[in-house]
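To be precise, the following lines are run_39.cif, and they hold mmCIF, C-alpha atoms.
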```
data_model
#
loop_
_atom_site.label_atom_id
_atom_site.label_comp_id
_atom_site.auth_asym_id
_atom_site.auth_seq_id
_atom_site.Cartn_x
_atom_site.Cartn_y
_atom_site.Cartn_z
CA MET I 21 -4.97 -45.18 9.95
CA THR I 22 -3.58 -46.76 6.80
CA THR I 23 -0.35 -45.91 5.05
CA GLN I 24 -2.39 -44.41 2.24
CA ASP I 25 -4.30 -42.14 4.70
CA THR I 26 -1.02 -41.03 6.28
CA ALA I 27 0.48 -40.23 2.88
CA ALA I 28 -2.64 -38.28 1.88
CA SER I 29 -2.56 -36.27 5.12
CA LYS I 30 1.13 -35.54 4.68
CA HIS I 31 0.52 -34.43 1.08
CA GLU I 32 -2.33 -32.10 2.19
CA ALA I 33 -0.14 -30.58 4.89
CA GLU I 34 2.61 -29.90 2.35
CA GLN I 35 0.11 -28.22 0.01
CA GLU I 36 -1.16 -25.74 2.62
CA PRO I 37 0.89 -22.56 2.84
CA SER I 38 1.99 -21.36 6.23
CA SER I 39 -0.76 -19.08 7.47
CA SER I 40 0.46 -18.11 10.90
CA PRO I 41 -0.16 -14.48 11.84
CA LEU I 42 3.58 -13.78 11.78
CA SER I 43 4.08 -15.27 8.30
CA THR I 44 1.03 -13.35 7.04
CA PHE I 45 2.45 -10.14 8.53
CA TRP I 46 5.85 -10.62 6.84
CA ARG I 47 4.23 -11.51 3.51
CA GLU I 48 2.16 -8.32 3.74
CA VAL I 49 5.18 -6.21 4.69
CA SER I 50 7.26 -7.51 1.79
CA THR I 51 4.54 -7.23 -0.85
CA PHE I 52 3.52 -3.79 0.48
CA GLY I 53 7.15 -2.69 0.08
CA PHE I 54 7.36 -4.08 -3.43
CA VAL I 55 4.10 -2.44 -4.51
CA GLY I 56 5.19 0.86 -2.95
CA ALA I 57 8.60 0.78 -4.57
CA PHE I 58 7.09 0.05 -7.97
CA ALA I 59 4.50 2.81 -7.47
CA ALA I 60 7.33 5.23 -6.66
CA VAL I 61 9.11 4.25 -9.88
CA ILE I 62 5.88 4.82 -11.83
CA ASP I 63 5.37 8.19 -10.12
CA LEU I 64 8.91 9.47 -10.67
CA GLY I 65 9.24 7.98 -14.14
CA LEU I 66 5.94 9.30 -15.45
CA PHE I 67 6.59 12.70 -13.84
CA ASN I 68 9.93 12.96 -15.68
CA VAL I 69 8.42 11.79 -18.96
CA LEU I 70 5.68 14.41 -18.67
CA ILE I 71 7.93 17.34 -17.71
CA HIS I 72 10.31 16.51 -20.55
CA GLY I 73 7.44 16.19 -23.01
CA ALA I 74 3.85 17.35 -23.22
CA LEU I 75 3.83 19.13 -19.84
CA SER I 76 7.28 20.72 -19.93
CA ASP I 77 6.13 23.90 -18.22
CA LYS I 78 3.45 22.39 -15.95
CA TYR I 79 5.27 20.66 -13.08
CA THR I 80 2.28 20.65 -10.74
CA THR I 81 -0.03 19.13 -13.36
CA ALA I 82 2.62 16.53 -14.20
CA LYS I 83 3.02 15.64 -10.51
CA ILE I 84 -0.73 15.32 -9.99
CA LEU I 85 -1.08 13.06 -13.04
CA SER I 86 1.93 10.88 -12.18
CA GLY I 87 0.82 10.65 -8.55
CA ALA I 88 -2.71 9.67 -9.55
CA VAL I 89 -1.47 6.90 -11.86
CA ALA I 90 0.90 5.60 -9.16
CA THR I 91 -1.87 5.68 -6.54
CA VAL I 92 -4.23 3.68 -8.76
CA PHE I 93 -1.42 1.15 -9.31
CA ALA I 94 -0.81 1.03 -5.55
CA TRP I 95 -4.48 0.39 -4.83
CA LEU I 96 -4.64 -2.45 -7.36
CA GLY I 97 -1.40 -3.98 -6.09
CA ASN I 98 -2.38 -3.73 -2.45
CA ARG I 99 -5.98 -4.90 -2.96
CA TYR I 100 -5.24 -7.85 -5.23
CA TRP I 101 -1.82 -8.91 -3.95
CA THR I 102 -0.70 -7.54 -0.58
CA PHE I 103 -4.06 -7.68 1.23
CA ARG I 104 -5.85 -10.18 -1.03
CA GLU I 105 -6.94 -12.31 1.94
CA ARG I 106 -8.51 -9.37 3.76
CA GLU I 107 -11.55 -8.66 1.62
CA GLY I 108 -14.48 -7.54 3.68
CA ARG I 109 -15.78 -4.19 2.46
CA PRO I 110 -17.51 -3.19 -0.74
CA VAL I 111 -14.92 -1.98 -3.25
CA HIS I 112 -16.19 1.61 -3.32
CA HIS I 113 -15.69 1.84 0.47
CA GLU I 114 -12.13 0.49 0.16
CA VAL I 115 -11.31 2.94 -2.61
CA ALA I 116 -12.62 5.90 -0.61
CA LEU I 117 -10.71 4.79 2.49
CA PHE I 118 -7.57 4.09 0.46
CA PHE I 119 -7.51 7.54 -1.11
CA GLY I 120 -8.40 9.12 2.25
CA VAL I 121 -5.48 7.34 3.95
CA ASN I 122 -3.17 8.40 1.13
CA GLY I 123 -4.30 12.00 1.53
CA VAL I 124 -3.56 11.89 5.25
CA ALA I 125 -0.17 10.24 4.57
CA LEU I 126 0.64 13.01 2.09
CA ALA I 127 -0.25 15.56 4.78
CA VAL I 128 2.03 13.77 7.29
CA THR I 129 4.90 13.74 4.77
CA SER I 130 4.37 17.39 3.87
CA ALA I 131 4.08 18.40 7.54
CA TRP I 132 7.42 16.75 8.31
CA VAL I 133 9.12 18.54 5.41
CA ALA I 134 7.55 21.86 6.47
CA PHE I 135 8.70 21.25 10.08
CA ALA I 136 12.24 20.54 8.89
CA HIS I 137 12.30 23.62 6.67
CA TYR I 138 10.51 26.22 8.79
CA VAL I 139 11.28 25.08 12.33
CA LEU I 140 14.62 23.33 11.98
CA ASP I 141 15.74 25.75 9.23
CA VAL I 142 16.87 22.96 6.89
CA THR I 143 17.67 24.58 3.55
CA LYS I 144 20.57 22.70 1.96
CA PRO I 145 19.30 20.43 -0.85
CA PHE I 146 20.91 17.26 0.54
CA TRP I 147 19.33 17.71 3.99
CA VAL I 148 15.99 18.73 2.51
CA ASN I 149 16.00 15.43 0.59
CA VAL I 150 16.94 13.53 3.75
CA HIS I 151 13.90 15.02 5.46
CA VAL I 152 11.71 14.26 2.46
CA VAL I 153 12.75 10.61 2.78
CA LEU I 154 12.07 10.69 6.55
CA GLY I 155 8.63 12.18 5.88
CA ILE I 156 7.90 9.53 3.27
CA GLY I 157 8.98 6.91 5.82
CA LEU I 158 6.55 8.26 8.43
CA GLY I 159 3.74 8.36 5.86
CA THR I 160 4.56 4.84 4.68
CA LEU I 161 4.46 3.38 8.20
CA MET I 162 1.13 5.06 8.79
CA ARG I 163 -0.21 3.77 5.45
CA PHE I 164 0.78 0.19 6.19
CA VAL I 165 -0.90 0.20 9.61
CA LEU I 166 -4.06 1.87 8.29
CA TYR I 167 -4.24 -0.35 5.18
CA ARG I 168 -4.04 -3.46 7.40
CA THR I 169 -6.52 -2.28 9.99
CA VAL I 170 -8.91 0.14 8.29
CA VAL I 171 -8.83 -0.06 4.50
CA PHE I 172 -8.32 -3.79 3.97
CA GLY I 173 -9.29 -4.95 7.46
CA LYS I 174 -11.67 -7.85 7.92
CA ALA I 175 -14.69 -5.57 8.04
CA ALA I 176 -17.16 -8.32 7.20
CA GLU I 177 -16.50 -9.91 10.58
CA GLN I 178 -17.36 -6.60 12.24
CA GLY I 179 -20.79 -6.18 10.69
CA ALA I 180 -19.95 -4.51 7.38
CA PRO I 181 -22.39 -5.10 4.53
CA PRO I 182 -21.68 -8.29 2.56
CA THR I 183 -19.45 -7.92 -0.49
CA HIS I 184 -19.96 -9.28 -3.97
CA ARG I 185 -17.55 -12.09 -3.06
CA ASP I 186 -19.57 -13.00 0.06
CA ALA I 187 -22.73 -13.42 -2.02
CA HIS I 188 -21.04 -15.96 -4.31
CA GLU I 189 -19.60 -17.99 -1.43
CA LYS I 190 -23.06 -18.73 0.07
#
```
Can the structure in the file be given as structure tokens, please?
Amino acid sequence: MTTQDTAASKHEAEQEPSSSPLSTFWREVSTFGFVGAFAAVIDLGLFNVLIHGALSDKYTTAKILSGAVATVFAWLGNRYWTFREREGRPVHHEVALFFGVNGVALAVTSAWVAFAHYVLDVTKPFWVNVHVVLGIGLGTLMRFVLYRTVVFGKAAEQGAPPTHRDAHEK
């Protein structure tokens, strides 16, 4: 091997990002957290804009609209950033699974809050909010696991129909 070959190999090695399973996991955790935090800001911010403006007497409508916008942002962020290397399903399947997982996560969060209120008799605003955060935490953990394994899993390797991207790579 020549000095030039060694230098070229060293340069190629430096160009390749670390792709160990552990580094991939931590990259996904951190970007998932960032996308989720930004989606929460969108949700809360838009909700407050709406209830202090056009939907001042329609809290439920404002919450549905702000939640929908935040969920679309979360799908885009998770699909094209957090789990960008995990394409394997047709987009319409991912979207359906994504919204299904988010519906289940909302049910988990709501169930925890209901449990705290009706079973544990939590009624003071501070403690209700603590349990809301705990419920969101449970829903978030569930989302991350299901996004990695079900929604953005490597379905193509498991016999899923080829995606638009697969057709262009052949």
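Shortest separation to Tyr167 in chain I among I:Leu42, I:Ala82, I:Ala116, I:Leu70 occurs at residue I:Ala116, atoms counted being all atoms listed in the file.
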What is the CA of Val165 in chain I to CA of Ile84 in chain I distance in Å?
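Taking CA of Val165 in chain I as the start and CA of Ile84 in chain I as the end point, the length is 24.8 Å.
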Edge lengths and centre in Å to one decimal, as AutoDock Vina command-line options, of the axis-aligned box that encloses all listed atoms of range 87-98 of chain I with 3 Å added on every side?
```
--center_x -1.9 --center_y 3.3 --center_z -7.2 --size_x 11.5 --size_y 20.6 --size_z 15.4
```
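Residue nearest Val49 in chain I within the list I:Trp101, I:Tyr79, I:Phe67, I:Phe119: I:Trp101 [criterion: smallest interatomic distance, all atoms listed in the file].
Here the PyMOL selection byres ((chain I and resi 86) around 8) catches exactly these residues: Ile62, Asp63, Leu64, Leu66, Phe67, Ala82, Lys83, Ile84, Leu85, Gly87, Ala88, Val89 and Ala90 of chain I.
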Neighbours of Phe135 in chain I within 12 Å (all atoms listed in the file; same-chain residues fewer than 4 positions away dropped), as a PyMOL selection string?
chain I and resi 127-131+139-143+148+151-152+154-155
Keeping only C-alpha atoms, write the selected residues as a PDB file, keeping the file's coordinate frame.
```
ATOM      1  CA  ALA I 127      -0.250  15.560   4.780  1.00  0.00           C
ATOM      2  CA  VAL I 128       2.030  13.770   7.290  1.00  0.00           C
ATOM      3  CA  THR I 129       4.900  13.740   4.770  1.00  0.00           C
ATOM      4  CA  SER I 130       4.370  17.390   3.870  1.00  0.00           C
ATOM      5  CA  ALA I 131       4.080  18.400   7.540  1.00  0.00           C
ATOM      6  CA  VAL I 139      11.280  25.080  12.330  1.00  0.00           C
ATOM      7  CA  LEU I 140      14.620  23.330  11.980  1.00  0.00           C
ATOM      8  CA  ASP I 141      15.740  25.750   9.230  1.00  0.00           C
ATOM      9  CA  VAL I 142      16.870  22.960   6.890  1.00  0.00           C
ATOM     10  CA  THR I 143      17.670  24.580   3.550  1.00  0.00           C
ATOM     11  CA  VAL I 148      15.990  18.730   2.510  1.00  0.00           C
ATOM     12  CA  HIS I 151      13.900  15.020   5.460  1.00  0.00           C
ATOM     13  CA  VAL I 152      11.710  14.260   2.460  1.00  0.00           C
ATOM     14  CA  LEU I 154      12.070  10.690   6.550  1.00  0.00           C
ATOM     15  CA  GLY I 155       8.630  12.180   5.880  1.00  0.00           C
TER      16      GLY I 155
END
```
Written as a ChimeraX atom specification, which residues does the PyMOL selection byres ((chain I and resi 122) around 10) give for the file shown?
/I:91,116-121,123-128,159-160,162-163,166-167
What does the structure give for the distance between CA of Ala60 in chain I and CA of Ile156 in chain I, in Å to one decimal?
10.8 Å
The residues within 9 Å of (-2.8, -10.1, 4.8), using only C-alpha atoms and the coordinates of the file, should be reported as a list in words; which are they?
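So the residues meeting the distance criterion are Pro41, Thr44, Phe45, Trp46, Arg47, Glu48, Val49, Trp101, Thr102, Phe103, Arg104, Glu105, Arg106, Arg168, Phe172 and Gly173 of chain I.
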Rounded to one decimal, what separation in Å do you get between CA of Gly97 in chain I and CA of Gly65 in chain I?
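Atom-to-atom, CA of Gly97 in chain I and CA of Gly65 in chain I are spaced 17.9 Å apart.
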Please evaluate the PyMOL selection byres ((chain I and resi 56) around 9) against the structure above and give the resulting residues as an NGL selection string.
:I and (51-55 or 57-61 or 90 or 94 or 97-98 or 160)
